[in-house]
Every structure is written in C-alpha cells, then in structure tokens.
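Okay, structure first, notes after.
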Amino acid sequence: MRILVANVNTTASITESIGAQAAGAASPGTEIVPITPSFGAESVEGNYESYLAAIAVMETVRAYPEPFDAIIQAGYGEHGREGLQELFDVPVVDITEAAASTAQFLGRTYSVVTSLDRTVPLIEERLHAAGLSARCASVRASGMPVLELERDPGAAVDAIAEQAARAVEDDRAEVICLGCGGMSGLTERVVERTGVPVVDGVTAAVTVAESLVRLGLTTSKVRTYASPRPKKMLNWPPVLG
C-alpha cells in the first residue's frame with residue numbers, strides 16, 4: 001500500500017516532520033510518500049494561502065508519476081480535499097476531519113488547538129462542512145505561527161499545552177485535537193498537561209486511510225465527486241518544476 005502525504009506549504013522540513021510522523025503510525029507494508037507542493041507559501045495561515053495551497057497540492061499530486069492507494073491532505077482547516085476527490089477515486093483523507101472523527105470515539109466533546117487566531121474560522125468552517133462541528137467544544141489559538149513551531153519548539157509546546165488545558169477546564173472538552181500538521185509529535189506533552197486523550201491529525205489520517213484501502217473502498221463518483229468534465233482550459237495546468 002502506498003499513501004501520499006501532501007504537505008500544504010512549501011517548507012521542506014515540515015514535510016519531513018509530517019512524513020516521519022505518518023511513517024511512525026503506518027502498518028508494516030505501508031509506504032508513506034511525503035510530498036511538498038512546488039509552488040505556494042512557506043506556511044498556510046489564511047484564506048488566500050489556503051486556496052493557493054489547494055491548487056498546488058492538487059497539481060503536485062496529479063504530477064506524481066507512480067501508482068498510489070490513498071491521499072492524505074496534511075493541512076488543518078485547508079481547502080482542496082473536495083477537488084482531490086474529484087480528480088482521484090482513491091480515498092482522500094483530510095487531517096482535520098480524521099482528527100475530529102477519531103476524537104468523537106474517545107469522548108463526548110473535543111476541542112482543537114491551532115496556531116494563529118486567524119486560522120480558527122477556517123477550521124470551524126471545515127468542521128461544519130464535514131458535519132463534525134456539533135460536538136466541538138471550541139477551537140483555540142495558541143498564538144504561535146506555524147514556522148515558530150520549528151524555530152522555538154519549547155515555547156510552542158508551552159503555548160499549545162496551555163490552550164489545551166484551558167479547553168479542558170473552561171470549555172469542558174474531553175479530547176484535544178492538535179490543529180496543525182506541524183504539531184505532529186507533540187501529543188505526549190499535551191497529554192501530560194491535560195490528562196485527556198490527544199489526537200494528532202496526521203497519525204489519525206494514516207489509520208483512516210489504511211482502513212479504507214483495506215476495506216476496498218473508493219471515493220463515490222456518482223454525483224458530488226464525479227470526475228471533472230473534459231473541457232478546454234486556458235493556460236492550465238501551470239508548469240511544475
């Protein structure tokens with residue numbers, strides 16, 4: 001089984017971190033292939049960058065030369081999952097939805113702890129669109145930009161753990177979801193601080209993707225995610241390289 005794990009930003013070190021986290025969760029015989037978009041922003045923290053990332057991820061996956069069995073979109077609250085489902089019939093798993101759906105098996109309510117406050121509406125909208133918002137107690141921002149997670153991991157962990165603890169104490173969350181692909185690997189520290197289950201979206205998405213492939217399930221093409229109709233595209237796709 002081969003699973004493509006698509007980072008939504010162009011920072012190679014984040015792709016490597018996400019890939020390592022995914023590989024650690026994968027079963028024997030599952031090949032994890034991390035991919036980085038060939039264009040886009042170094043971090044995705046708003047609507048413009050998210051829409052740009054959606055195009056970049058779709059075109060980068062389309063250009064991948066080998067067969068694959070599933071796709072993981074490793075951006076929290078980002079756009080593009082629906083487009084990938086139109087383009088491919090293999091399972092497409094978004095880490096936002098994988099984390100939230102997994103959390104609902106573990107407790108009555110869950111909260112998401114993300115990076116900046118400006119990304120909170122994107123995550124709330126993605127959860128609502130996926131039908132996963134009813135049991136979401138809150139979406140909290142740590143105030144740490146995505147790239148700061150690498151530059152100052154100690155401060156990042158403290159800020160994330162603090163907001164997770166507030167979610168449990170003030171919002172009555174029973175499970176915490178780490179709301180950024182770049183937060184992979186922080187699970188144990190947040191568990192220590194909060195005492196509740198903590199779900200990392202990347203590892204949850206790997207497990208979901210593997211299960212769908214093993215069940216022989218594919219994306220429905222009957223209506224919503226039917227393949228794009230053939231038509232003339234002006235100056236498209238862009239040249240990747």
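In the structure tokens, chains take the letters A, B, ... in the order shown, each chain's residues start at 1, and ligands count up from 1 in the order shown.
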
Leaving out region 226-235 of chain A and any residue of its chain fewer than 4 positions from it, which residues lie within 7 Å of it when counting only C-alpha atoms, given as a PDB file with C-alpha atoms, in the first residue's frame?
ATOM      1  CA  GLU A  86     -12.951  14.753  -7.974  1.00  0.00           C
ATOM      2  CA  LEU A  87      -9.555  14.102  -9.517  1.00  0.00           C
ATOM      3  CA  LYS A 221     -18.214   9.196  -8.277  1.00  0.00           C
ATOM      4  CA  VAL A 222     -21.978   9.157  -8.667  1.00  0.00           C
TER       5      VAL A 222
END

Would you pick out the contacts of Val113 (chain A) at 7 Å or less, using only C-alpha atoms, so that residues sharing its chain but fewer than 5 positions from it are not included, and give the list as a list in words?
Val139, Arg140, Ala141, Ser142, Ile160, Gln163, Ala164, Cys177, Leu178 and Gly179 of chain A

Output file for the residues above (N, CA, C and O atoms, as an mmCIF file, in the first residue's frame):
data_model
loop_
_atom_site.group_PDB
_atom_site.id
_atom_site.type_symbol
_atom_site.label_atom_id
_atom_site.label_comp_id
_atom_site.auth_asym_id
_atom_site.auth_seq_id
_atom_site.Cartn_x
_atom_site.Cartn_y
_atom_site.Cartn_z
ATOM 1 N N VAL A 139 -12.533 25.923 19.332
ATOM 2 C CA VAL A 139 -11.290 25.944 18.556
ATOM 3 C C VAL A 139 -10.464 27.082 19.128
ATOM 4 O O VAL A 139 -10.866 28.249 19.069
ATOM 5 N N ARG A 140 -9.328 26.748 19.716
ATOM 6 C CA ARG A 140 -8.492 27.730 20.398
ATOM 7 C C ARG A 140 -7.181 27.935 19.655
ATOM 8 O O ARG A 140 -6.638 27.003 19.059
ATOM 9 N N ALA A 141 -6.678 29.174 19.715
ATOM 10 C CA ALA A 141 -5.409 29.520 19.072
ATOM 11 C C ALA A 141 -4.304 29.642 20.112
ATOM 12 O O ALA A 141 -4.502 30.261 21.160
ATOM 13 N N SER A 142 -3.160 29.058 19.807
ATOM 14 C CA SER A 142 -2.007 29.155 20.714
ATOM 15 C C SER A 142 -1.248 30.464 20.537
ATOM 16 O O SER A 142 -0.451 30.842 21.396
ATOM 17 N N ILE A 160 0.750 25.709 23.314
ATOM 18 C CA ILE A 160 -0.267 24.746 22.885
ATOM 19 C C ILE A 160 -0.856 24.018 24.090
ATOM 20 O O ILE A 160 -2.075 23.869 24.215
ATOM 21 N N GLN A 163 -3.308 26.259 26.097
ATOM 22 C CA GLN A 163 -4.638 26.385 25.499
ATOM 23 C C GLN A 163 -5.410 25.076 25.584
ATOM 24 O O GLN A 163 -6.638 25.071 25.752
ATOM 25 N N ALA A 164 -4.707 23.959 25.486
ATOM 26 C CA ALA A 164 -5.368 22.658 25.633
ATOM 27 C C ALA A 164 -5.934 22.507 27.039
ATOM 28 O O ALA A 164 -7.072 22.035 27.223
ATOM 29 N N CYS A 177 -7.669 17.877 19.958
ATOM 30 C CA CYS A 177 -7.104 17.649 18.627
ATOM 31 C C CYS A 177 -6.029 18.698 18.382
ATOM 32 O O CYS A 177 -6.262 19.899 18.587
ATOM 33 N N LEU A 178 -4.854 18.247 17.944
ATOM 34 C CA LEU A 178 -3.785 19.175 17.591
ATOM 35 C C LEU A 178 -4.074 19.739 16.210
ATOM 36 O O LEU A 178 -4.070 19.010 15.220
ATOM 37 N N GLY A 179 -4.333 21.046 16.146
ATOM 38 C CA GLY A 179 -4.876 21.661 14.949
ATOM 39 C C GLY A 179 -3.870 22.231 13.983
ATOM 40 O O GLY A 179 -4.065 23.337 13.467
#

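Straight-line separation from CA of Ile35 (chain A) to CA of Ala6 (chain A): 5.0 Å.
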
Where does DSSP see strand (DSSP E) in region 124-161 of chain A, if you list the residues as number ranges by chain?
A: 136-141

Rank A:Leu215, A:Ala23, A:Val146, A:Ile32 by their smallest atom-to-atom distance to Leu4 (chain A), using only C-alpha atoms, and report the top residue only.
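That would be A:Ile32, the residue with the smallest distance to Leu4 (chain A).
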
Kindly indicate which residue among A:Leu186, A:Val92, A:Val33, A:Ala53 lies nearest to Glu66 (chain A), using only C-alpha atoms for the distances.
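Closest to Glu66 (chain A), using only C-alpha atoms: A:Val33.
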
Give me the residues near Gly216 (chain A) as a PyMOL selection string, where near means some atom within 10 Å (using only C-alpha atoms) and where sequence neighbours in that chain fewer than 6 positions away do not count.
chain A and resi 90-91+210
